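Next comes model-v1.cif, a file with mmCIF, C-alpha atoms.
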data_input
loop_
_atom_site.label_atom_id
_atom_site.label_comp_id
_atom_site.auth_asym_id
_atom_site.auth_seq_id
_atom_site.Cartn_x
_atom_site.Cartn_y
_atom_site.Cartn_z
CA MET F 1 -90.14 37.42 107.38
CA LYS F 2 -92.00 40.38 108.73
CA MET F 3 -95.17 41.67 107.17
CA LYS F 4 -96.90 44.97 106.86
CA SER F 5 -100.51 45.77 106.12
CA PHE F 6 -101.35 45.33 102.46
CA GLY F 7 -103.76 48.16 101.84
CA ARG F 8 -103.17 48.05 98.09
CA ALA F 9 -104.92 44.67 97.85
CA ALA F 10 -108.43 46.08 98.19
CA ALA F 11 -110.66 46.16 95.12
CA ILE F 12 -108.52 43.60 93.27
CA LEU F 13 -110.80 43.28 90.27
CA SER F 14 -110.86 46.93 89.16
CA VAL F 15 -108.70 47.82 86.18
CA SER F 16 -107.58 51.28 85.08
CA SER F 17 -106.70 52.52 81.62
CA LEU F 18 -102.98 52.41 80.98
CA ALA F 19 -100.93 51.87 77.84
CA LEU F 20 -97.27 50.92 77.59
CA VAL F 21 -94.97 53.57 78.99
CA ALA F 22 -92.06 54.35 76.72
CA CYS F 23 -88.64 54.09 78.33
CA GLY F 24 -86.28 57.01 78.61
CA GLU F 25 -82.55 57.13 78.00
CA SER F 26 -81.37 57.76 81.55
CA ASN F 27 -80.10 55.16 83.95
CA THR F 28 -83.56 55.07 85.56
CA PRO F 29 -85.54 53.90 82.54
CA ALA F 30 -89.01 53.69 84.05
CA SER F 31 -91.38 56.62 84.21
CA GLU F 32 -92.88 57.47 87.57
CA GLY F 33 -95.66 55.06 88.53
CA GLY F 34 -99.17 56.48 88.46
CA GLU F 35 -98.39 59.43 86.16
CA ASP F 36 -100.16 59.70 82.83
CA GLU F 37 -97.06 59.49 80.62
CA SER F 38 -98.27 56.54 78.58
CA ALA F 39 -97.72 55.98 74.87
CA ALA F 40 -99.24 53.62 72.32
CA SER F 41 -95.87 52.19 71.35
CA SER F 42 -92.28 51.90 72.53
CA ASP F 43 -89.00 52.24 70.65
CA VAL F 44 -87.08 49.77 72.82
CA ALA F 45 -85.16 47.15 70.86
CA GLY F 46 -83.48 43.83 71.54
CA THR F 47 -84.33 40.52 73.17
CA LEU F 48 -85.30 39.98 76.81
CA VAL F 49 -84.78 36.42 78.04
CA GLY F 50 -86.81 35.01 80.90
CA GLY F 51 -87.92 31.69 82.31
CA GLY F 52 -90.05 30.21 85.04
CA ALA F 53 -93.59 29.20 85.93
CA SER F 54 -95.28 26.91 83.42
CA SER F 55 -98.61 28.13 84.81
CA GLN F 56 -97.81 31.47 83.15
CA GLU F 57 -97.41 29.86 79.73
CA ALA F 58 -100.79 30.86 78.29
CA ALA F 59 -100.57 34.37 79.67
CA MET F 60 -96.93 34.71 78.64
CA THR F 61 -97.73 33.85 75.02
CA ALA F 62 -100.36 36.58 75.04
CA TRP F 63 -97.99 39.05 76.72
CA THR F 64 -95.06 38.42 74.38
CA ASP F 65 -97.26 38.74 71.30
CA GLY F 66 -98.87 41.91 72.65
CA PHE F 67 -95.53 43.41 73.64
CA THR F 68 -94.11 42.89 70.16
CA SER F 69 -97.16 44.62 68.68
CA VAL F 70 -96.33 47.81 70.63
CA ALA F 71 -92.55 47.40 70.50
CA PRO F 72 -91.88 45.92 67.03
CA ASP F 73 -88.10 45.90 67.48
CA ALA F 74 -88.24 43.98 70.75
CA GLN F 75 -89.07 40.43 71.66
CA VAL F 76 -89.29 38.32 74.80
CA ASN F 77 -88.11 34.71 74.92
CA TYR F 78 -89.57 32.76 77.85
CA ALA F 79 -88.78 29.17 78.87
CA SER F 80 -91.50 27.35 80.84
CA VAL F 81 -89.18 25.52 83.23
CA GLY F 82 -91.20 25.84 86.44
CA SER F 83 -91.00 28.47 89.16
CA GLY F 84 -87.98 26.93 90.89
CA GLY F 85 -86.13 26.50 87.61
CA GLY F 86 -86.91 30.09 86.69
CA ARG F 87 -85.58 31.47 89.98
CA ASP F 88 -82.47 29.28 89.70
CA GLY F 89 -81.87 30.43 86.11
CA PHE F 90 -82.38 34.05 87.09
CA LEU F 91 -79.97 33.81 90.04
CA GLY F 92 -77.48 32.01 87.82
CA GLY F 93 -77.54 34.77 85.22
CA GLU F 94 -79.29 32.69 82.54
CA TYR F 95 -82.44 34.83 82.59
CA SER F 96 -82.91 38.59 82.90
CA PHE F 97 -86.24 38.05 84.66
CA ALA F 98 -88.11 35.12 86.18
CA GLY F 99 -91.77 34.15 86.30
CA SER F 100 -92.66 32.55 89.62
CA ASP F 101 -95.81 31.48 91.43
CA ALA F 102 -93.94 31.69 94.72
CA ALA F 103 -91.82 34.47 96.14
CA MET F 104 -88.08 34.18 96.57
CA SER F 105 -86.89 33.05 99.98
CA ASP F 106 -84.75 35.42 102.02
CA ASP F 107 -81.70 33.33 101.08
CA GLU F 108 -82.55 33.61 97.38
CA TRP F 109 -82.97 37.36 97.73
CA GLU F 110 -79.58 37.64 99.43
CA SER F 111 -78.08 35.67 96.54
CA SER F 112 -79.74 38.01 94.04
CA LYS F 113 -77.52 40.87 95.24
CA GLU F 114 -74.64 39.23 93.39
CA ILE F 115 -76.29 39.89 90.02
CA CYS F 116 -78.78 42.65 90.82
CA GLY F 117 -76.80 45.13 92.90
CA PRO F 118 -77.10 46.04 96.59
CA ASP F 119 -80.93 46.05 96.63
CA GLY F 120 -81.10 42.68 94.91
CA ALA F 121 -84.17 41.55 93.02
CA PHE F 122 -87.82 42.43 93.57
CA HIS F 123 -91.26 40.99 92.76
CA VAL F 124 -94.14 42.62 90.94
CA PRO F 125 -97.50 40.83 90.68
CA SER F 126 -98.32 39.81 87.12
CA TYR F 127 -101.70 38.20 87.80
CA ILE F 128 -103.84 36.43 90.38
CA SER F 129 -105.10 32.91 89.75
CA PRO F 130 -106.96 30.18 91.60
CA VAL F 131 -105.26 26.79 91.91
CA ALA F 132 -107.89 24.23 90.95
CA VAL F 133 -108.11 20.86 92.64
CA ALA F 134 -109.06 18.76 89.61
CA PHE F 135 -110.04 15.11 89.28
CA ASN F 136 -111.04 12.44 86.79
CA VAL F 137 -113.37 9.81 88.25
CA GLU F 138 -115.80 7.80 86.17
CA GLY F 139 -119.18 8.16 87.84
CA ILE F 140 -118.54 11.66 89.28
CA ASP F 141 -119.54 14.31 86.78
CA ASP F 142 -120.25 17.20 89.14
CA THR F 143 -118.26 19.51 91.36
CA LEU F 144 -117.13 17.73 94.53
CA ASN F 145 -117.29 19.43 97.94
CA LEU F 146 -114.30 19.00 100.27
CA ASP F 147 -112.92 20.65 103.38
CA ALA F 148 -109.21 21.24 104.04
CA ASN F 149 -108.77 18.23 106.34
CA THR F 150 -110.33 15.78 103.88
CA MET F 151 -108.33 17.24 101.00
CA ALA F 152 -105.09 17.03 102.97
CA SER F 153 -105.84 13.42 103.92
CA ILE F 154 -106.44 12.53 100.26
CA PHE F 155 -103.19 14.08 99.06
CA ALA F 156 -101.26 12.56 101.99
CA GLY F 157 -102.45 9.11 100.92
CA GLU F 158 -104.52 8.52 104.06
CA ILE F 159 -107.85 8.44 102.21
CA THR F 160 -107.51 5.95 99.37
CA SER F 161 -111.01 5.38 97.94
CA TRP F 162 -113.49 7.78 96.40
CA ASP F 163 -116.37 6.39 98.48
CA ASP F 164 -114.60 7.07 101.78
CA GLU F 165 -116.90 8.29 104.55
CA ALA F 166 -115.00 11.58 104.88
CA ILE F 167 -115.72 12.43 101.23
CA ALA F 168 -119.31 11.21 101.47
CA GLU F 169 -119.94 13.44 104.49
CA HIS F 170 -119.43 16.54 102.34
CA ASN F 171 -121.39 15.11 99.38
CA PRO F 172 -124.45 13.39 100.91
CA ASP F 173 -126.51 13.48 97.70
CA MET F 174 -123.79 12.06 95.48
CA GLU F 175 -123.32 8.37 94.68
CA LEU F 176 -119.58 7.87 95.02
CA PRO F 177 -117.77 4.94 93.33
CA SER F 178 -115.27 2.71 95.13
CA THR F 179 -112.55 3.64 92.64
CA PRO F 180 -109.07 3.85 94.19
CA ILE F 181 -107.66 7.38 94.48
CA SER F 182 -104.52 8.15 92.49
CA VAL F 183 -102.77 11.35 93.59
CA VAL F 184 -100.85 13.16 90.84
CA HIS F 185 -98.34 15.87 91.74
CA ARG F 186 -95.73 18.03 90.04
CA ALA F 187 -92.33 16.35 89.62
CA ASP F 188 -90.51 19.66 89.13
CA ASP F 189 -89.90 22.40 91.69
CA SER F 190 -93.12 24.36 91.33
CA GLY F 191 -94.66 27.50 92.75
CA THR F 192 -98.06 25.90 92.20
CA THR F 193 -97.00 23.06 94.49
CA GLU F 194 -95.73 25.51 97.10
CA ASN F 195 -99.00 27.45 97.10
CA PHE F 196 -101.08 24.27 97.26
CA VAL F 197 -99.17 22.63 100.13
CA ASP F 198 -99.12 25.97 101.93
CA TYR F 199 -102.92 25.83 101.86
CA LEU F 200 -102.94 22.20 103.10
CA SER F 201 -100.46 23.04 105.87
CA THR F 202 -102.17 26.23 107.00
CA ALA F 203 -105.87 25.42 106.59
CA SER F 204 -105.88 21.77 107.73
CA ASP F 205 -104.94 20.03 110.96
CA VAL F 206 -103.50 16.91 109.32
CA TRP F 207 -100.77 18.04 106.88
CA ASP F 208 -97.41 17.67 108.63
CA TYR F 209 -95.03 18.10 105.72
CA GLU F 210 -92.68 20.95 104.90
CA VAL F 211 -94.05 23.74 102.73
CA SER F 212 -91.89 23.71 99.63
CA GLY F 213 -92.01 23.83 95.86
CA GLU F 214 -91.02 20.16 95.87
CA TRP F 215 -93.61 17.51 96.66
CA PRO F 216 -92.94 15.60 99.93
CA GLY F 217 -90.88 12.54 99.03
CA GLU F 218 -92.46 10.50 101.83
CA ILE F 219 -95.82 10.41 100.04
CA ALA F 220 -96.18 7.68 97.42
CA ALA F 221 -97.93 9.19 94.40
CA GLU F 222 -97.77 9.61 90.64
CA SER F 223 -95.92 12.60 89.21
CA ALA F 224 -95.45 14.49 85.96
CA GLN F 225 -93.44 17.46 84.75
CA GLN F 226 -95.04 20.90 84.70
CA THR F 227 -98.70 21.89 84.54
CA SER F 228 -99.42 20.23 81.21
CA GLY F 229 -97.94 16.98 82.51
CA VAL F 230 -100.09 16.65 85.64
CA VAL F 231 -103.23 17.67 83.76
CA GLY F 232 -102.48 15.15 81.01
CA LEU F 233 -101.77 12.29 83.42
CA THR F 234 -104.89 13.04 85.46
CA SER F 235 -107.01 13.15 82.30
CA GLU F 236 -105.74 9.69 81.32
CA THR F 237 -106.17 8.05 84.75
CA ASP F 238 -109.52 7.02 86.20
CA GLY F 239 -109.55 7.93 89.90
CA ALA F 240 -106.83 10.58 89.63
CA ILE F 241 -106.75 13.90 91.46
CA THR F 242 -104.26 16.76 91.08
CA TYR F 243 -103.78 20.50 91.52
CA ALA F 244 -103.02 22.98 88.75
CA ASP F 245 -103.40 26.57 87.66
CA ALA F 246 -107.12 26.79 86.91
CA SER F 247 -106.54 28.18 83.42
CA GLN F 248 -105.06 24.89 82.25
CA ILE F 249 -107.28 22.12 83.66
CA GLY F 250 -109.30 21.62 80.47
CA ASP F 251 -112.31 19.31 80.90
CA LEU F 252 -111.41 17.93 84.33
CA ASN F 253 -113.98 18.19 87.12
CA THR F 254 -113.06 20.30 90.15
CA VAL F 255 -113.45 20.64 93.91
CA ALA F 256 -115.41 23.33 95.75
CA VAL F 257 -113.51 24.22 98.93
CA GLN F 258 -115.23 24.66 102.29
CA VAL F 259 -114.82 28.21 103.57
CA GLY F 260 -116.70 28.84 106.77
CA GLU F 261 -120.12 27.24 106.31
CA GLU F 262 -120.15 27.29 102.50
CA TYR F 263 -118.40 25.55 99.63
CA VAL F 264 -116.69 27.91 97.19
CA GLU F 265 -115.86 26.98 93.61
CA TYR F 266 -112.79 28.51 92.01
CA SER F 267 -113.12 31.66 89.94
CA PRO F 268 -110.93 34.69 89.30
CA GLU F 269 -113.27 36.79 91.43
CA ALA F 270 -113.19 34.32 94.35
CA ALA F 271 -109.39 34.13 94.17
CA SER F 272 -109.12 37.91 94.19
CA GLN F 273 -111.38 38.11 97.23
CA ALA F 274 -108.97 35.86 99.13
CA VAL F 275 -105.97 38.00 98.15
CA ALA F 276 -107.70 41.19 99.28
CA SER F 277 -107.27 40.23 102.93
CA SER F 278 -103.60 39.29 102.58
CA SER F 279 -100.39 41.03 103.64
CA GLU F 280 -97.23 42.23 101.95
CA VAL F 281 -93.88 40.66 102.88
CA GLU F 282 -91.18 42.91 104.34
CA GLY F 283 -87.49 42.35 104.76
CA GLN F 284 -86.26 42.23 101.18
CA ALA F 285 -85.88 45.02 98.58
CA PRO F 286 -87.52 48.38 99.42
CA ASN F 287 -89.66 48.14 96.26
CA ASN F 288 -90.62 44.49 96.73
CA MET F 289 -94.28 43.48 96.24
CA ALA F 290 -94.57 39.88 97.47
CA PHE F 291 -97.56 38.58 99.45
CA GLU F 292 -98.27 36.50 102.54
CA LEU F 293 -101.60 34.93 101.59
CA ASP F 294 -104.44 34.29 104.08
CA ARG F 295 -105.22 30.58 103.64
CA ARG F 296 -107.58 30.40 106.62
CA THR F 297 -109.94 33.10 105.48
CA GLU F 298 -113.62 32.53 106.26
CA GLU F 299 -114.81 35.42 104.16
CA SER F 300 -117.92 34.48 102.19
CA GLY F 301 -117.15 33.87 98.53
CA ALA F 302 -113.36 33.74 98.92
CA TYR F 303 -111.38 30.88 97.36
CA PRO F 304 -108.25 30.36 99.49
CA ILE F 305 -106.22 28.07 97.18
CA VAL F 306 -104.85 30.96 95.21
CA LEU F 307 -101.52 32.02 93.81
CA VAL F 308 -100.11 35.38 92.93
CA SER F 309 -97.90 34.97 89.91
CA TYR F 310 -94.89 37.28 89.98
CA HIS F 311 -92.31 38.63 87.63
CA ILE F 312 -88.96 38.96 89.35
CA PHE F 313 -86.64 41.69 88.07
CA CYS F 314 -83.25 43.07 89.07
CA ASN F 315 -83.07 46.48 90.71
CA GLU F 316 -79.85 47.01 88.78
CA TYR F 317 -79.00 45.67 85.32
CA PRO F 318 -75.55 45.66 83.71
CA ASP F 319 -76.57 47.54 80.55
CA GLN F 320 -79.13 50.07 79.37
CA GLU F 321 -80.74 47.83 76.75
CA THR F 322 -81.65 45.10 79.23
CA ALA F 323 -82.90 47.63 81.79
CA ASP F 324 -85.09 49.36 79.19
CA LEU F 325 -86.49 46.07 77.93
CA ALA F 326 -87.24 44.85 81.47
CA VAL F 327 -89.11 48.05 82.32
CA ALA F 328 -90.99 48.20 79.03
CA PHE F 329 -92.10 44.57 79.21
CA GLY F 330 -93.03 44.89 82.89
CA GLU F 331 -95.13 47.96 82.14
CA TYR F 332 -96.89 46.22 79.25
CA VAL F 333 -97.80 43.26 81.48
CA LEU F 334 -99.26 45.68 84.04
CA SER F 335 -101.11 47.75 81.45
CA GLU F 336 -104.83 47.50 80.81
CA ASP F 337 -104.16 45.80 77.48
CA GLY F 338 -101.66 43.38 79.01
CA GLN F 339 -104.00 42.38 81.82
CA ALA F 340 -107.00 42.01 79.52
CA THR F 341 -104.98 39.93 77.07
CA ALA F 342 -103.80 37.59 79.84
CA GLU F 343 -107.31 37.31 81.26
CA ALA F 344 -108.66 36.23 77.88
CA ALA F 345 -105.86 33.70 77.39
CA ALA F 346 -105.52 32.32 80.91
CA GLY F 347 -108.67 33.23 82.84
CA ASN F 348 -106.79 34.98 85.63
CA ALA F 349 -107.97 37.97 87.62
CA PRO F 350 -106.58 41.36 86.52
CA ILE F 351 -104.69 43.28 89.16
CA SER F 352 -106.26 46.32 90.78
CA ASP F 353 -105.55 49.99 90.12
CA ASP F 354 -103.74 50.28 93.45
CA LEU F 355 -101.58 47.22 92.73
CA ARG F 356 -100.75 48.60 89.29
CA ASP F 357 -99.68 51.95 90.73
CA GLY F 358 -97.47 50.25 93.29
CA ALA F 359 -95.95 47.90 90.71
CA LEU F 360 -95.19 50.75 88.29
CA GLU F 361 -93.48 52.61 91.11
CA SER F 362 -91.44 49.49 91.87
CA LEU F 363 -90.37 49.19 88.23
CA SER F 364 -89.32 52.84 88.18
CA ALA F 365 -86.56 52.00 90.69
CA ILE F 366 -84.64 49.93 88.11
CA THR F 367 -81.23 51.40 87.31
CA VAL F 368 -78.13 50.55 85.30
CA ALA F 369 -74.86 49.60 86.99
CA GLU F 370 -72.22 52.32 86.79
#

Using structure tokens, write down the structure that the file contains.
Amino acid sequence: MKMKSFGRAAAILSVSSLALVACGESNTPASEGGEDESAASSDVAGTLVGGGASSQEAAMTAWTDGFTSVAPDAQVNYASVGSGGGRDGFLGGEYSFAGSDAAMSDDEWESSKEICGPDGAFHVPSYISPVAVAFNVEGIDDTLNLDANTMASIFAGEITSWDDEAIAEHNPDMELPSTPISVVHRADDSGTTENFVDYLSTASDVWDYEVSGEWPGEIAAESAQQTSGVVGLTSETDGAITYADASQIGDLNTVAVQVGEEYVEYSPEAASQAVASSSEVEGQAPNNMAFELDRRTEESGAYPIVLVSYHIFCNEYPDQETADLAVAFGEYVLSEDGQATAEAAAGNAPISDDLRDGALESLSAITVAE
């Protein structure tokens, strides 16, 4: 896929004031992005059904509750089935929108034309989040420093003990136990997995496996379903290490990632700094807003294991009610209230003013099939 410069990614952490935009009655239900046509409530009605990333679960609960408060006659039902399951359900007509921590492939986008009209589906960013590398090792109670090569070797099963010299090299003042390492990965098709292995593949010299939402079958490791599953299994297993949306790791200890000459701990701000230098993917819908993330950044303070969580909508819906609900919910998620609510619930980084303007413009392209 081709890329173009992503100028909108600068100043990721700034947030502008925007309330939910009420939908009109035409076959282009969204108001023009960036214009001050906001309202405190919306008169849309009905049920919007979506599914996808389990990493969005905390934020989605906050969004659906907040949306109902401004649109009392509307509700959103969301199934946390994983990013791959969400995209499959969306393409199969089960869901009217999908939540995904990874963008659709070109083949998936081509398939989306069957249900979404000639321009297919498109992505809008819903939030930015770091992917934490989290572990549970008795005797290690502090943040652990690792570089990409050591991390990749651990998850590939090549480093098998917590006192390995490669780990000790990055943590010279830490007394490391000889506990065996137990790698825990997602069993389901996951956007979190795809983002994490993309980092291992891009930033290290030792990860030789395909970048995919499915964990490489050649690597012997423990697995669990969805974010809650890997966090739960890691919490119960001495010596375990996993990766998960940072908002859901609970009391697990985490890894600081080497970037240049420093070690950077995860934070919404550090994740946003990594996204700011990234690019936008071309080659799909004209109003698409998917990213090509810079995993090899050496910018001070940037945390490169980051995901952009998307909502995937159709450019063309079969009926006015679904189109209006999709636009209204999408605009609430992007609003100041929606972003603040998700930040409080999930600890993600709010999108920037420029990203919001672009996403609202993308939503305004939604139409109804004639």

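Between atom CA of F:Val231 and atom CA of F:Phe90 lies a distance of 26.7 Å.
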
Next item on the list: Can you work out which one of F:Gly283, F:Gly217, F:Pro304, F:Gly191 has the shortest atom-to-atom distance to F:Val81, counting only C-alpha atoms?
Entry: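 Looking only at the distances to F:Val81, the closest residue turns out to be F:Gly191.
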
Check: Using all atoms listed in the file, which residues sit within 10 Å of F:Gly46 once same-chain residues fewer than 3 positions away are excluded, as a PyMOL selection string?
Finding: chain F and resi 49+71-76+321-322+324-325

Item checked: Answer key for the PyMOL selection byres ((chain F and resi 307) around 8), residues as a list in words ->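 Applied to this file, the PyMOL selection byres ((chain F and resi 307) around 8) selects Asp101, Ala102, Ile128, Ser129, Pro130, Val131, Thr192, Asn195, Ile305, Val306, Val308 and Ser309 of chain F.
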
Note to self: Translate the PyMOL selection byres ((chain F and resi 212-216) around 12) into a concrete residue list for this structure, as an MDAnalysis selection string.
What the structure shows: chainID F and resid 53 82:85 87 100:105 155:157 183:201 207:211 217:226 243

Notebook entry, point to check: What is the distance, in Å and to one decimal place, between atom CA of F:Val257 and atom CA of F:Ala340?
Noted result: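 These atoms are spaced 27.1 Å apart.
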
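Omitting stretch 145-151 of chain F and its sequence neighbours fewer than 6 positions away, and counting only C-alpha atoms, the residues within 7 Å are F:Ala166, F:Ile167, F:His170, F:Asn171, F:Leu200, F:Ala203, F:Ser204, F:Asp205, F:Val206, F:Val255, F:Ala256, F:Val257, F:Gln258, F:Tyr263.
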
Could those residues be written to a file, using C-alpha atoms, as a PDB file, keeping the file's coordinate frame?
ATOM      1  CA  ALA F 166    -115.000  11.580 104.880  1.00  0.00           C
ATOM      2  CA  ILE F 167    -115.720  12.430 101.230  1.00  0.00           C
ATOM      3  CA  HIS F 170    -119.430  16.540 102.340  1.00  0.00           C
ATOM      4  CA  ASN F 171    -121.390  15.110  99.380  1.00  0.00           C
ATOM      5  CA  LEU F 200    -102.940  22.200 103.100  1.00  0.00           C
ATOM      6  CA  ALA F 203    -105.870  25.420 106.590  1.00  0.00           C
ATOM      7  CA  SER F 204    -105.880  21.770 107.730  1.00  0.00           C
ATOM      8  CA  ASP F 205    -104.940  20.030 110.960  1.00  0.00           C
ATOM      9  CA  VAL F 206    -103.500  16.910 109.320  1.00  0.00           C
ATOM     10  CA  VAL F 255    -113.450  20.640  93.910  1.00  0.00           C
ATOM     11  CA  ALA F 256    -115.410  23.330  95.750  1.00  0.00           C
ATOM     12  CA  VAL F 257    -113.510  24.220  98.930  1.00  0.00           C
ATOM     13  CA  GLN F 258    -115.230  24.660 102.290  1.00  0.00           C
ATOM     14  CA  TYR F 263    -118.400  25.550  99.630  1.00  0.00           C
TER      15      TYR F 263
END

Notebook entry, point to check: Once the PyMOL selection byres ((chain F and resi 125) around 7) has been applied to the shown file, what residues remain in the selection, as a list in words?
Noted result: His123, Val124, Ser126, Tyr127, Met289, Val308, Ser309, Tyr310 and His311 of chain F

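Of the residues under consideration (F:Ile366, F:Gly51, F:Tyr332, F:Gln320), F:Tyr332 shows the shortest atom-to-atom contact distance to F:Ser69 when counting all atoms listed in the file.
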
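What separates atom CA of F:Ile351 from atom CA of F:Ala271 is a distance of 11.4 Å.
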
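Close contacts of F:Asn348, defined as residues with an atom at most 9 Å away when counting all atoms listed in the file, with chain neighbours fewer than 2 positions off set aside, comprise Ala59, Tyr127, Ile128, Ser129, Pro130, Ala246, Ser247, Ser267, Pro268, Glu269, Ala271, Gln339, Ala342, Glu343, Ala344, Ala345, Ala346 and Pro350 of chain F.
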
Create the file for the chosen residues now, containing C-alpha atoms and written as an mmCIF file, keeping the file's coordinate frame.
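And here is the file that came out, out06.cif:
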data_model
loop_
_atom_site.group_PDB
_atom_site.id
_atom_site.type_symbol
_atom_site.label_atom_id
_atom_site.label_comp_id
_atom_site.auth_asym_id
_atom_site.auth_seq_id
_atom_site.Cartn_x
_atom_site.Cartn_y
_atom_site.Cartn_z
ATOM 1 C CA ALA F 59 -100.570 34.370 79.670
ATOM 2 C CA TYR F 127 -101.700 38.200 87.800
ATOM 3 C CA ILE F 128 -103.840 36.430 90.380
ATOM 4 C CA SER F 129 -105.100 32.910 89.750
ATOM 5 C CA PRO F 130 -106.960 30.180 91.600
ATOM 6 C CA ALA F 246 -107.120 26.790 86.910
ATOM 7 C CA SER F 247 -106.540 28.180 83.420
ATOM 8 C CA SER F 267 -113.120 31.660 89.940
ATOM 9 C CA PRO F 268 -110.930 34.690 89.300
ATOM 10 C CA GLU F 269 -113.270 36.790 91.430
ATOM 11 C CA ALA F 271 -109.390 34.130 94.170
ATOM 12 C CA GLN F 339 -104.000 42.380 81.820
ATOM 13 C CA ALA F 342 -103.800 37.590 79.840
ATOM 14 C CA GLU F 343 -107.310 37.310 81.260
ATOM 15 C CA ALA F 344 -108.660 36.230 77.880
ATOM 16 C CA ALA F 345 -105.860 33.700 77.390
ATOM 17 C CA ALA F 346 -105.520 32.320 80.910
ATOM 18 C CA PRO F 350 -106.580 41.360 86.520
#

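In terms of minimum interatomic distance to F:Val230, F:Val133 ranks closest within F:Ala58, F:Ala365, F:Val133, F:Ala302, counting all atoms listed in the file.
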
Note to self: Measuring between all atoms listed in the file, which one of F:Ser153, F:Ser228, F:Thr367, F:Ser279 shows the shortest distance to F:Asp119?
What the structure shows: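 Smallest separation from F:Asp119 among the options: F:Thr367.
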
Check: Nearest to F:Ile115: which of F:Glu261, F:Glu138, F:Glu94, F:Glu298 is it, counting all atoms listed in the file?
Finding: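 Closest to F:Ile115, using all atoms listed in the file: F:Glu94.
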
Notebook entry, point to check: Looking at only C-alpha atoms, which of F:Ser178, F:Gln284, F:Thr242, F:Ser96 is the one that sits closest to F:Thr254?
Noted result: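 So, comparing all the options, the nearest one is F:Thr242.
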
Margin query: Taking (-105.5, 9.9, 85.3) in the coordinates of the supplied file, I want to know which residues reach to within 9 Å of it, counting all atoms listed in the file; could you give the answer as a PyMOL selection string?
Written below: chain F and resi 135-137+182-184+230-241

Please reconstruct the missing atoms of stretch 317-328 of chain F (target: N, CA, C and O atoms) and return them as a compact mmCIF listing (two decimals), in the coordinates of the input.
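And here's out_0.txt as it stands now:
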# COMPACT_ATOMS: atom_id res chain seq x y z
N TYR F 317 -79.43 46.50 86.44
CA TYR F 317 -79.00 45.67 85.32
C TYR F 317 -77.64 46.15 84.81
O TYR F 317 -77.27 47.33 84.98
N PRO F 318 -76.89 45.28 84.13
CA PRO F 318 -75.55 45.66 83.71
C PRO F 318 -75.50 46.59 82.51
O PRO F 318 -74.47 47.20 82.24
N ASP F 319 -76.60 46.69 81.75
CA ASP F 319 -76.57 47.54 80.55
C ASP F 319 -77.93 48.18 80.34
O ASP F 319 -78.96 47.71 80.84
N GLN F 320 -77.93 49.28 79.59
CA GLN F 320 -79.13 50.07 79.37
C GLN F 320 -80.20 49.31 78.58
O GLN F 320 -81.39 49.40 78.87
N GLU F 321 -79.77 48.54 77.58
CA GLU F 321 -80.74 47.83 76.75
C GLU F 321 -81.57 46.86 77.57
O GLU F 321 -82.81 46.83 77.46
N THR F 322 -80.91 46.07 78.41
CA THR F 322 -81.65 45.10 79.23
C THR F 322 -82.56 45.80 80.22
O THR F 322 -83.71 45.39 80.42
N ALA F 323 -82.07 46.88 80.83
CA ALA F 323 -82.90 47.63 81.79
C ALA F 323 -84.14 48.19 81.10
O ALA F 323 -85.26 48.09 81.61
N ASP F 324 -83.95 48.79 79.91
CA ASP F 324 -85.09 49.36 79.19
C ASP F 324 -86.10 48.29 78.78
O ASP F 324 -87.31 48.48 78.89
N LEU F 325 -85.59 47.15 78.32
CA LEU F 325 -86.49 46.07 77.93
C LEU F 325 -87.26 45.53 79.13
O LEU F 325 -88.46 45.26 79.04
N ALA F 326 -86.58 45.37 80.27
CA ALA F 326 -87.24 44.85 81.47
C ALA F 326 -88.37 45.78 81.91
O ALA F 326 -89.48 45.34 82.23
N VAL F 327 -88.09 47.09 81.91
CA VAL F 327 -89.11 48.05 82.32
C VAL F 327 -90.26 48.08 81.32
O VAL F 327 -91.44 48.05 81.70
N ALA F 328 -89.94 48.12 80.04
CA ALA F 328 -90.99 48.20 79.03
C ALA F 328 -91.88 46.98 79.05
O ALA F 328 -93.11 47.09 78.98
